[in-house]
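S.K.: work11.cif is reproduced below (mmCIF, N, CA and C atoms).
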data_query
#
loop_
_atom_site.label_atom_id
_atom_site.label_comp_id
_atom_site.auth_asym_id
_atom_site.auth_seq_id
_atom_site.Cartn_x
_atom_site.Cartn_y
_atom_site.Cartn_z
N MET A 1 0.84 -1.16 0.00
CA MET A 1 0.00 0.00 0.00
C MET A 1 0.89 1.24 0.00
N VAL A 2 0.48 2.22 -0.81
CA VAL A 2 1.17 3.50 -0.86
C VAL A 2 0.10 4.58 -0.76
N VAL A 3 0.38 5.61 0.04
CA VAL A 3 -0.53 6.74 0.15
C VAL A 3 0.16 7.96 -0.43
N ASP A 4 -0.46 8.57 -1.41
CA ASP A 4 0.07 9.79 -2.01
C ASP A 4 -0.38 10.97 -1.15
N LEU A 5 0.50 11.42 -0.27
CA LEU A 5 0.15 12.49 0.65
C LEU A 5 0.00 13.83 -0.05
N ASN A 6 0.52 13.96 -1.26
CA ASN A 6 0.30 15.19 -2.03
C ASN A 6 -1.12 15.23 -2.57
N ARG A 7 -1.67 14.08 -2.87
CA ARG A 7 -3.04 13.99 -3.39
C ARG A 7 -4.05 14.00 -2.24
N CYS A 8 -3.69 13.47 -1.11
CA CYS A 8 -4.59 13.36 0.05
C CYS A 8 -5.12 14.74 0.45
N GLN A 9 -6.42 14.81 0.67
CA GLN A 9 -7.06 16.07 1.09
C GLN A 9 -7.59 15.98 2.52
N ASN A 10 -7.20 14.93 3.25
CA ASN A 10 -7.57 14.74 4.66
C ASN A 10 -9.08 14.67 4.90
N TYR A 11 -9.80 14.02 3.98
CA TYR A 11 -11.22 13.82 4.21
C TYR A 11 -11.47 12.84 5.35
N GLY A 12 -10.53 11.94 5.58
CA GLY A 12 -10.62 11.02 6.71
C GLY A 12 -11.43 9.77 6.47
N GLN A 13 -11.86 9.53 5.26
CA GLN A 13 -12.64 8.31 4.99
C GLN A 13 -11.83 7.06 5.28
N CYS A 14 -10.53 7.11 5.06
CA CYS A 14 -9.67 5.97 5.34
C CYS A 14 -9.60 5.70 6.84
N VAL A 15 -9.63 6.76 7.63
CA VAL A 15 -9.58 6.61 9.09
C VAL A 15 -10.81 5.86 9.58
N TYR A 16 -11.97 6.17 9.00
CA TYR A 16 -13.20 5.49 9.39
C TYR A 16 -13.24 4.05 8.88
N ALA A 17 -12.69 3.82 7.68
CA ALA A 17 -12.72 2.49 7.09
C ALA A 17 -11.70 1.54 7.69
N ALA A 18 -10.54 2.07 8.10
CA ALA A 18 -9.47 1.22 8.62
C ALA A 18 -8.76 1.94 9.78
N PRO A 19 -9.43 2.08 10.91
CA PRO A 19 -8.85 2.83 12.04
C PRO A 19 -7.61 2.19 12.65
N THR A 20 -7.38 0.92 12.39
CA THR A 20 -6.16 0.29 12.92
C THR A 20 -4.95 0.59 12.05
N VAL A 21 -5.19 1.15 10.85
CA VAL A 21 -4.11 1.44 9.92
C VAL A 21 -3.90 2.95 9.74
N PHE A 22 -5.00 3.70 9.66
CA PHE A 22 -4.94 5.14 9.41
C PHE A 22 -5.41 5.91 10.64
N ARG A 23 -4.80 7.08 10.87
CA ARG A 23 -5.21 7.94 11.99
C ARG A 23 -4.74 9.36 11.69
N PHE A 24 -5.36 10.30 12.37
CA PHE A 24 -4.92 11.69 12.26
C PHE A 24 -4.02 12.01 13.44
N HIS A 25 -2.95 12.72 13.17
CA HIS A 25 -2.07 13.25 14.20
C HIS A 25 -2.41 14.74 14.26
N GLY A 26 -3.02 15.16 15.34
CA GLY A 26 -3.54 16.52 15.38
C GLY A 26 -4.80 16.58 14.55
N GLU A 27 -5.05 17.71 13.95
CA GLU A 27 -6.29 17.86 13.18
C GLU A 27 -6.13 17.62 11.68
N GLU A 28 -4.90 17.75 11.16
CA GLU A 28 -4.77 17.71 9.72
C GLU A 28 -3.70 16.78 9.16
N VAL A 29 -2.90 16.14 9.99
CA VAL A 29 -1.81 15.32 9.48
C VAL A 29 -2.21 13.84 9.52
N LEU A 30 -2.28 13.23 8.34
CA LEU A 30 -2.62 11.81 8.26
C LEU A 30 -1.38 10.98 8.54
N GLU A 31 -1.53 10.01 9.41
CA GLU A 31 -0.49 9.02 9.66
C GLU A 31 -1.06 7.66 9.30
N TYR A 32 -0.19 6.76 8.90
CA TYR A 32 -0.65 5.41 8.59
C TYR A 32 0.48 4.42 8.78
N ASP A 33 0.09 3.17 8.95
CA ASP A 33 1.03 2.07 9.12
C ASP A 33 1.55 1.70 7.73
N TYR A 34 2.83 1.90 7.50
CA TYR A 34 3.42 1.64 6.18
C TYR A 34 3.42 0.16 5.83
N ALA A 35 3.39 -0.69 6.82
CA ALA A 35 3.37 -2.14 6.60
C ALA A 35 2.30 -2.76 7.48
N PRO A 36 1.03 -2.55 7.12
CA PRO A 36 -0.05 -3.07 7.96
C PRO A 36 -0.05 -4.60 8.02
N ALA A 37 -0.57 -5.12 9.10
CA ALA A 37 -0.65 -6.56 9.28
C ALA A 37 -1.50 -7.18 8.17
N PRO A 38 -1.15 -8.38 7.73
CA PRO A 38 -1.91 -9.04 6.67
C PRO A 38 -3.41 -9.16 6.99
N GLY A 39 -3.74 -9.26 8.25
CA GLY A 39 -5.15 -9.39 8.64
C GLY A 39 -5.96 -8.12 8.43
N THR A 40 -5.30 -7.02 8.10
CA THR A 40 -6.03 -5.77 7.88
C THR A 40 -6.28 -5.50 6.39
N ARG A 41 -5.93 -6.43 5.54
CA ARG A 41 -6.05 -6.24 4.08
C ARG A 41 -7.46 -5.80 3.68
N ARG A 42 -8.48 -6.41 4.22
CA ARG A 42 -9.86 -6.06 3.85
C ARG A 42 -10.17 -4.61 4.25
N GLU A 43 -9.71 -4.20 5.44
CA GLU A 43 -9.91 -2.82 5.89
C GLU A 43 -9.21 -1.84 4.95
N VAL A 44 -7.98 -2.17 4.58
CA VAL A 44 -7.21 -1.30 3.69
C VAL A 44 -7.89 -1.20 2.33
N GLU A 45 -8.43 -2.29 1.83
CA GLU A 45 -9.16 -2.26 0.56
C GLU A 45 -10.37 -1.35 0.66
N ARG A 46 -11.09 -1.43 1.79
CA ARG A 46 -12.25 -0.55 2.00
C ARG A 46 -11.80 0.91 2.06
N ALA A 47 -10.68 1.17 2.73
CA ALA A 47 -10.16 2.53 2.83
C ALA A 47 -9.79 3.08 1.45
N ALA A 48 -9.14 2.26 0.64
CA ALA A 48 -8.77 2.69 -0.71
C ALA A 48 -10.01 3.00 -1.55
N ALA A 49 -11.02 2.16 -1.42
CA ALA A 49 -12.26 2.38 -2.17
C ALA A 49 -13.01 3.62 -1.68
N ALA A 50 -12.89 3.93 -0.40
CA ALA A 50 -13.61 5.06 0.19
C ALA A 50 -12.92 6.40 -0.06
N CYS A 51 -11.67 6.39 -0.44
CA CYS A 51 -10.91 7.64 -0.61
C CYS A 51 -11.46 8.42 -1.80
N PRO A 52 -12.02 9.62 -1.57
CA PRO A 52 -12.62 10.37 -2.67
C PRO A 52 -11.62 10.89 -3.70
N VAL A 53 -10.35 10.96 -3.35
CA VAL A 53 -9.35 11.46 -4.30
C VAL A 53 -8.40 10.35 -4.76
N GLN A 54 -8.70 9.12 -4.39
CA GLN A 54 -7.93 7.93 -4.78
C GLN A 54 -6.45 8.09 -4.46
N ALA A 55 -6.16 8.50 -3.23
CA ALA A 55 -4.78 8.70 -2.80
C ALA A 55 -4.12 7.42 -2.31
N ILE A 56 -4.89 6.35 -2.15
CA ILE A 56 -4.36 5.08 -1.63
C ILE A 56 -4.25 4.09 -2.78
N THR A 57 -3.05 3.59 -2.98
CA THR A 57 -2.80 2.59 -4.01
C THR A 57 -2.46 1.28 -3.34
N LEU A 58 -3.15 0.23 -3.73
CA LEU A 58 -2.88 -1.09 -3.17
C LEU A 58 -1.79 -1.78 -3.99
N GLY A 59 -1.12 -2.70 -3.36
CA GLY A 59 -0.05 -3.42 -4.02
C GLY A 59 1.23 -3.21 -3.25
N ARG A 60 2.28 -3.76 -3.73
CA ARG A 60 3.57 -3.64 -3.06
C ARG A 60 4.39 -2.53 -3.71
N ALA A 61 5.02 -1.75 -2.88
CA ALA A 61 5.87 -0.68 -3.39
C ALA A 61 7.09 -1.24 -4.11
N THR A 62 7.41 -2.52 -3.86
CA THR A 62 8.58 -3.12 -4.49
C THR A 62 8.27 -3.72 -5.85
N GLU A 63 6.99 -3.68 -6.27
CA GLU A 63 6.66 -4.21 -7.58
C GLU A 63 7.23 -3.29 -8.65
N PRO A 64 7.71 -3.85 -9.74
CA PRO A 64 8.26 -2.98 -10.80
C PRO A 64 7.16 -2.14 -11.42
N ALA A 65 7.53 -0.96 -11.85
CA ALA A 65 6.57 -0.07 -12.51
C ALA A 65 6.20 -0.67 -13.86
N PRO A 66 4.99 -0.43 -14.34
CA PRO A 66 4.61 -0.94 -15.65
C PRO A 66 5.50 -0.35 -16.74
N ARG A 67 5.79 -1.14 -17.73
CA ARG A 67 6.65 -0.68 -18.82
C ARG A 67 5.81 0.00 -19.87
N ALA A 68 6.37 1.05 -20.46
CA ALA A 68 5.72 1.74 -21.56
C ALA A 68 5.80 0.88 -22.80
N PRO A 69 4.80 0.97 -23.67
CA PRO A 69 4.85 0.22 -24.93
C PRO A 69 6.08 0.61 -25.74
N GLU A 70 6.51 -0.28 -26.60
CA GLU A 70 7.67 -0.03 -27.45
C GLU A 70 7.50 1.27 -28.22
N GLY A 71 8.54 2.04 -28.28
CA GLY A 71 8.51 3.29 -29.05
C GLY A 71 7.96 4.49 -28.28
N VAL A 72 7.44 4.27 -27.07
CA VAL A 72 6.88 5.36 -26.27
C VAL A 72 7.86 5.68 -25.16
N ARG A 73 8.17 6.95 -24.98
CA ARG A 73 9.08 7.36 -23.91
C ARG A 73 8.49 8.45 -23.11
#
Take the structure in the file and write it out as structure tokens.

M.R.:
Amino acid sequence: MVVDLNRCQNYGQCVYAAPTVFRFHGEEVLEYDYAPAPGTRREVERAAAACPVQAITLGRATEPAPRAPEGVR
């Protein structure tokens, strides 16, 4: 899971969907568990689906980026 904090607008839907993974520090700073427990996968999926700006990306950060088609740079 990766959270794009530049895209995040602090609506807090992720906090409601997965409170064991996401939380607010103070009133406006989102904090989250960078490596949530495997048992929280369903909560994280709900949080990603609930995010109105789609700031949460599921998957592993270590996965290779998709390759551009031949001839495209």

S.K.: Taking all atoms listed in the file into account, which of A:Ala17, A:Tyr11, A:Gly59, A:Phe22 comes nearest Arg42 (chain A)?

M.R.: A:Ala17

S.K.: Can you measure CA of Asp4 (chain A) to CA of Val29 (chain A) for me? One decimal in Å is fine.

M.R.: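 Between these atoms lies a distance of 12.9 Å.
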
S.K.: If we count all atoms listed in the file, what is near Glu27 (chain A) at a cut-off of 8 Å, once residues fewer than 3 positions away on the same chain are taken out, given as a PDB file with N, CA and C atoms, in the coordinates of the input?

M.R.:
ATOM      1  N   ASN A  10      -7.200  14.930   3.250  1.00  0.00           N
ATOM      2  CA  ASN A  10      -7.570  14.740   4.660  1.00  0.00           C
ATOM      3  C   ASN A  10      -9.080  14.670   4.900  1.00  0.00           C
ATOM      4  N   PHE A  24      -5.360  10.300  12.370  1.00  0.00           N
ATOM      5  CA  PHE A  24      -4.920  11.690  12.260  1.00  0.00           C
ATOM      6  C   PHE A  24      -4.020  12.010  13.440  1.00  0.00           C
ATOM      7  N   LEU A  30      -2.280  13.230   8.340  1.00  0.00           N
ATOM      8  CA  LEU A  30      -2.620  11.810   8.260  1.00  0.00           C
ATOM      9  C   LEU A  30      -1.380  10.980   8.540  1.00  0.00           C
TER      10      LEU A  30
END

S.K.: Please enumerate the residues selected by the PyMOL selection byres ((chain A and resi 44) around 8) when evaluated against the supplied file, formatted as a list of chain:residue names.

M.R.: A:Cys14, A:Ala17, A:Ala18, A:Pro19, A:Val21, A:Gly39, A:Thr40, A:Arg41, A:Arg42, A:Glu43, A:Glu45, A:Arg46, A:Ala47, A:Ala48, A:Ala49, A:Ala50, A:Leu58

S.K.: I need the residues of chain A that end up classed as alpha helix (DSSP H) by DSSP on the backbone, written out as a count of residues only.

M.R.: 15

S.K.: Enumerate, as an MDAnalysis selection string, the complete set of residues in chain A that a backbone-based DSSP assignment places in strand (DSSP E or B).

M.R.: chainID A and resid 2:3 22:25 29:32 56:57

S.K.: Could those selected residues go to a file with N, CA and C atoms, as a PDB file, in the coordinates of the input?

M.R.:
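This is the output file part-v9.pdb:
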ATOM      1  N   VAL A   2       0.480   2.220  -0.810  1.00  0.00           N
ATOM      2  CA  VAL A   2       1.170   3.500  -0.860  1.00  0.00           C
ATOM      3  C   VAL A   2       0.100   4.580  -0.760  1.00  0.00           C
ATOM      4  N   VAL A   3       0.380   5.610   0.040  1.00  0.00           N
ATOM      5  CA  VAL A   3      -0.530   6.740   0.150  1.00  0.00           C
ATOM      6  C   VAL A   3       0.160   7.960  -0.430  1.00  0.00           C
ATOM      7  N   PHE A  22      -5.000   3.700   9.660  1.00  0.00           N
ATOM      8  CA  PHE A  22      -4.940   5.140   9.410  1.00  0.00           C
ATOM      9  C   PHE A  22      -5.410   5.910  10.640  1.00  0.00           C
ATOM     10  N   ARG A  23      -4.800   7.080  10.870  1.00  0.00           N
ATOM     11  CA  ARG A  23      -5.210   7.940  11.990  1.00  0.00           C
ATOM     12  C   ARG A  23      -4.740   9.360  11.690  1.00  0.00           C
ATOM     13  N   PHE A  24      -5.360  10.300  12.370  1.00  0.00           N
ATOM     14  CA  PHE A  24      -4.920  11.690  12.260  1.00  0.00           C
ATOM     15  C   PHE A  24      -4.020  12.010  13.440  1.00  0.00           C
ATOM     16  N   HIS A  25      -2.950  12.720  13.170  1.00  0.00           N
ATOM     17  CA  HIS A  25      -2.070  13.250  14.200  1.00  0.00           C
ATOM     18  C   HIS A  25      -2.410  14.740  14.260  1.00  0.00           C
ATOM     19  N   VAL A  29      -2.900  16.140   9.990  1.00  0.00           N
ATOM     20  CA  VAL A  29      -1.810  15.320   9.480  1.00  0.00           C
ATOM     21  C   VAL A  29      -2.210  13.840   9.520  1.00  0.00           C
ATOM     22  N   LEU A  30      -2.280  13.230   8.340  1.00  0.00           N
ATOM     23  CA  LEU A  30      -2.620  11.810   8.260  1.00  0.00           C
ATOM     24  C   LEU A  30      -1.380  10.980   8.540  1.00  0.00           C
ATOM     25  N   GLU A  31      -1.530  10.010   9.410  1.00  0.00           N
ATOM     26  CA  GLU A  31      -0.490   9.020   9.660  1.00  0.00           C
ATOM     27  C   GLU A  31      -1.060   7.660   9.300  1.00  0.00           C
ATOM     28  N   TYR A  32      -0.190   6.760   8.900  1.00  0.00           N
ATOM     29  CA  TYR A  32      -0.650   5.410   8.590  1.00  0.00           C
ATOM     30  C   TYR A  32       0.480   4.420   8.780  1.00  0.00           C
ATOM     31  N   ILE A  56      -4.890   6.350  -2.150  1.00  0.00           N
ATOM     32  CA  ILE A  56      -4.360   5.080  -1.630  1.00  0.00           C
ATOM     33  C   ILE A  56      -4.250   4.090  -2.780  1.00  0.00           C
ATOM     34  N   THR A  57      -3.050   3.590  -2.980  1.00  0.00           N
ATOM     35  CA  THR A  57      -2.800   2.590  -4.010  1.00  0.00           C
ATOM     36  C   THR A  57      -2.460   1.280  -3.340  1.00  0.00           C
TER      37      THR A  57
END

S.K.: Have a look at CA of Tyr16 (chain A) and atom C of Pro38 (chain A) and let me know their distance in Å, one decimal.

M.R.: 17.8 Å

S.K.: Rounded to one decimal place, report the atom N of Gln13 (chain A)-atom C of Cys51 (chain A) distance in Å.

M.R.: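 Atom-to-atom, atom N of Gln13 (chain A) to atom C of Cys51 (chain A), that is 7.2 Å.
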
S.K.: Evaluate the PyMOL selection byres ((chain A and resi 53) around 7) on the structure here and hand back the selected residues as an NGL selection string.

M.R.: :A and (7-9 or 50-52 or 54-56)

S.K.: Once 6 Å is added on each side, what are the centre and the three edge lengths, in Å to one decimal, of the axis-aligned box enclosing the listed atoms of region 2-20 of chain A? Present them as AutoDock Vina command-line options.

M.R.:
--center_x -6.0 --center_y 8.2 --center_z 4.8 --size_x 26.4 --size_y 27.8 --size_z 28.3

S.K.: Please complete region 22-33 of chain A so it has all heavy atoms, and hand it over as a PDB file, in the coordinates of the input.

M.R.:
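Result file is out-v1.pdb:
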ATOM      1  N   PHE A  22      -5.000   3.700   9.660  1.00  0.00           N
ATOM      2  CA  PHE A  22      -4.940   5.140   9.410  1.00  0.00           C
ATOM      3  C   PHE A  22      -5.410   5.910  10.640  1.00  0.00           C
ATOM      4  O   PHE A  22      -6.310   5.480  11.346  1.00  0.00           O
ATOM      5  CB  PHE A  22      -5.846   5.517   8.227  1.00  0.00           C
ATOM      6  CG  PHE A  22      -5.464   4.848   6.949  1.00  0.00           C
ATOM      7  CD1 PHE A  22      -6.043   3.644   6.584  1.00  0.00           C
ATOM      8  CD2 PHE A  22      -4.537   5.415   6.099  1.00  0.00           C
ATOM      9  CE1 PHE A  22      -5.703   3.015   5.403  1.00  0.00           C
ATOM     10  CE2 PHE A  22      -4.182   4.799   4.917  1.00  0.00           C
ATOM     11  CZ  PHE A  22      -4.766   3.600   4.567  1.00  0.00           C
ATOM     12  N   ARG A  23      -4.800   7.080  10.870  1.00  0.00           N
ATOM     13  CA  ARG A  23      -5.210   7.940  11.990  1.00  0.00           C
ATOM     14  C   ARG A  23      -4.740   9.360  11.690  1.00  0.00           C
ATOM     15  O   ARG A  23      -3.846   9.576  10.871  1.00  0.00           O
ATOM     16  CB  ARG A  23      -4.615   7.451  13.294  1.00  0.00           C
ATOM     17  CG  ARG A  23      -3.101   7.489  13.324  1.00  0.00           C
ATOM     18  CD  ARG A  23      -2.507   6.544  14.364  1.00  0.00           C
ATOM     19  NE  ARG A  23      -1.159   6.139  14.003  1.00  0.00           N
ATOM     20  CZ  ARG A  23      -0.837   5.164  13.178  1.00  0.00           C
ATOM     21  NH1 ARG A  23      -1.766   4.458  12.587  1.00  0.00           N
ATOM     22  NH2 ARG A  23       0.418   4.861  12.926  1.00  0.00           N
ATOM     23  N   PHE A  24      -5.360  10.300  12.370  1.00  0.00           N
ATOM     24  CA  PHE A  24      -4.920  11.690  12.260  1.00  0.00           C
ATOM     25  C   PHE A  24      -4.020  12.010  13.440  1.00  0.00           C
ATOM     26  O   PHE A  24      -4.307  11.645  14.568  1.00  0.00           O
ATOM     27  CB  PHE A  24      -6.106  12.655  12.251  1.00  0.00           C
ATOM     28  CG  PHE A  24      -6.782  12.748  10.920  1.00  0.00           C
ATOM     29  CD1 PHE A  24      -8.107  12.391  10.766  1.00  0.00           C
ATOM     30  CD2 PHE A  24      -6.096  13.222   9.815  1.00  0.00           C
ATOM     31  CE1 PHE A  24      -8.729  12.492   9.544  1.00  0.00           C
ATOM     32  CE2 PHE A  24      -6.709  13.322   8.578  1.00  0.00           C
ATOM     33  CZ  PHE A  24      -8.034  12.957   8.454  1.00  0.00           C
ATOM     34  N   HIS A  25      -2.950  12.720  13.170  1.00  0.00           N
ATOM     35  CA  HIS A  25      -2.070  13.250  14.200  1.00  0.00           C
ATOM     36  C   HIS A  25      -2.410  14.740  14.260  1.00  0.00           C
ATOM     37  O   HIS A  25      -2.175  15.461  13.288  1.00  0.00           O
ATOM     38  CB  HIS A  25      -0.607  13.045  13.844  1.00  0.00           C
ATOM     39  CG  HIS A  25       0.331  13.617  14.849  1.00  0.00           C
ATOM     40  ND1 HIS A  25       0.596  12.991  16.037  1.00  0.00           N
ATOM     41  CD2 HIS A  25       1.039  14.758  14.846  1.00  0.00           C
ATOM     42  CE1 HIS A  25       1.446  13.730  16.725  1.00  0.00           C
ATOM     43  NE2 HIS A  25       1.727  14.812  16.016  1.00  0.00           N
ATOM     44  N   GLY A  26      -3.020  15.160  15.340  1.00  0.00           N
ATOM     45  CA  GLY A  26      -3.540  16.520  15.380  1.00  0.00           C
ATOM     46  C   GLY A  26      -4.800  16.580  14.550  1.00  0.00           C
ATOM     47  O   GLY A  26      -5.523  15.605  14.422  1.00  0.00           O
ATOM     48  N   GLU A  27      -5.050  17.710  13.950  1.00  0.00           N
ATOM     49  CA  GLU A  27      -6.290  17.860  13.180  1.00  0.00           C
ATOM     50  C   GLU A  27      -6.130  17.620  11.680  1.00  0.00           C
ATOM     51  O   GLU A  27      -7.095  17.342  10.997  1.00  0.00           O
ATOM     52  CB  GLU A  27      -6.856  19.262  13.401  1.00  0.00           C
ATOM     53  CG  GLU A  27      -7.337  19.477  14.820  1.00  0.00           C
ATOM     54  CD  GLU A  27      -7.957  20.846  14.996  1.00  0.00           C
ATOM     55  OE1 GLU A  27      -8.409  21.435  13.995  1.00  0.00           O
ATOM     56  OE2 GLU A  27      -7.993  21.313  16.138  1.00  0.00           O
ATOM     57  N   GLU A  28      -4.900  17.750  11.160  1.00  0.00           N
ATOM     58  CA  GLU A  28      -4.770  17.710   9.720  1.00  0.00           C
ATOM     59  C   GLU A  28      -3.700  16.780   9.160  1.00  0.00           C
ATOM     60  O   GLU A  28      -3.590  16.638   7.951  1.00  0.00           O
ATOM     61  CB  GLU A  28      -4.491  19.108   9.188  1.00  0.00           C
ATOM     62  CG  GLU A  28      -5.631  20.057   9.421  1.00  0.00           C
ATOM     63  CD  GLU A  28      -5.370  21.415   8.802  1.00  0.00           C
ATOM     64  OE1 GLU A  28      -4.405  21.548   8.033  1.00  0.00           O
ATOM     65  OE2 GLU A  28      -6.125  22.334   9.100  1.00  0.00           O
ATOM     66  N   VAL A  29      -2.900  16.140   9.990  1.00  0.00           N
ATOM     67  CA  VAL A  29      -1.810  15.320   9.480  1.00  0.00           C
ATOM     68  C   VAL A  29      -2.210  13.840   9.520  1.00  0.00           C
ATOM     69  O   VAL A  29      -2.446  13.280  10.578  1.00  0.00           O
ATOM     70  CB  VAL A  29      -0.520  15.547  10.296  1.00  0.00           C
ATOM     71  CG1 VAL A  29       0.605  14.675   9.780  1.00  0.00           C
ATOM     72  CG2 VAL A  29      -0.123  17.016  10.254  1.00  0.00           C
ATOM     73  N   LEU A  30      -2.280  13.230   8.340  1.00  0.00           N
ATOM     74  CA  LEU A  30      -2.620  11.810   8.260  1.00  0.00           C
ATOM     75  C   LEU A  30      -1.380  10.980   8.540  1.00  0.00           C
ATOM     76  O   LEU A  30      -0.313  11.216   7.982  1.00  0.00           O
ATOM     77  CB  LEU A  30      -3.160  11.471   6.870  1.00  0.00           C
ATOM     78  CG  LEU A  30      -3.531   9.999   6.671  1.00  0.00           C
ATOM     79  CD1 LEU A  30      -4.785   9.663   7.477  1.00  0.00           C
ATOM     80  CD2 LEU A  30      -3.732   9.692   5.211  1.00  0.00           C
ATOM     81  N   GLU A  31      -1.530  10.010   9.410  1.00  0.00           N
ATOM     82  CA  GLU A  31      -0.490   9.020   9.660  1.00  0.00           C
ATOM     83  C   GLU A  31      -1.060   7.660   9.300  1.00  0.00           C
ATOM     84  O   GLU A  31      -2.267   7.440   9.399  1.00  0.00           O
ATOM     85  CB  GLU A  31      -0.088   9.011  11.140  1.00  0.00           C
ATOM     86  CG  GLU A  31       0.598  10.260  11.600  1.00  0.00           C
ATOM     87  CD  GLU A  31       0.995  10.179  13.073  1.00  0.00           C
ATOM     88  OE1 GLU A  31       0.448   9.336  13.816  1.00  0.00           O
ATOM     89  OE2 GLU A  31       1.850  10.968  13.474  1.00  0.00           O
ATOM     90  N   TYR A  32      -0.190   6.760   8.900  1.00  0.00           N
ATOM     91  CA  TYR A  32      -0.650   5.410   8.590  1.00  0.00           C
ATOM     92  C   TYR A  32       0.480   4.420   8.780  1.00  0.00           C
ATOM     93  O   TYR A  32       1.646   4.778   8.781  1.00  0.00           O
ATOM     94  CB  TYR A  32      -1.222   5.325   7.171  1.00  0.00           C
ATOM     95  CG  TYR A  32      -0.227   5.545   6.062  1.00  0.00           C
ATOM     96  CD1 TYR A  32       0.330   4.465   5.401  1.00  0.00           C
ATOM     97  CD2 TYR A  32       0.141   6.825   5.661  1.00  0.00           C
ATOM     98  CE1 TYR A  32       1.229   4.654   4.376  1.00  0.00           C
ATOM     99  CE2 TYR A  32       1.040   7.025   4.636  1.00  0.00           C
ATOM    100  CZ  TYR A  32       1.586   5.934   3.995  1.00  0.00           C
ATOM    101  OH  TYR A  32       2.477   6.117   2.977  1.00  0.00           O
ATOM    102  N   ASP A  33       0.090   3.170   8.950  1.00  0.00           N
ATOM    103  CA  ASP A  33       1.030   2.070   9.120  1.00  0.00           C
ATOM    104  C   ASP A  33       1.550   1.700   7.730  1.00  0.00           C
ATOM    105  O   ASP A  33       0.783   1.262   6.877  1.00  0.00           O
ATOM    106  CB  ASP A  33       0.309   0.900   9.782  1.00  0.00           C
ATOM    107  CG  ASP A  33       1.224  -0.251  10.110  1.00  0.00           C
ATOM    108  OD1 ASP A  33       2.395  -0.239   9.680  1.00  0.00           O
ATOM    109  OD2 ASP A  33       0.763  -1.164  10.799  1.00  0.00           O
TER     110      ASP A  33
END
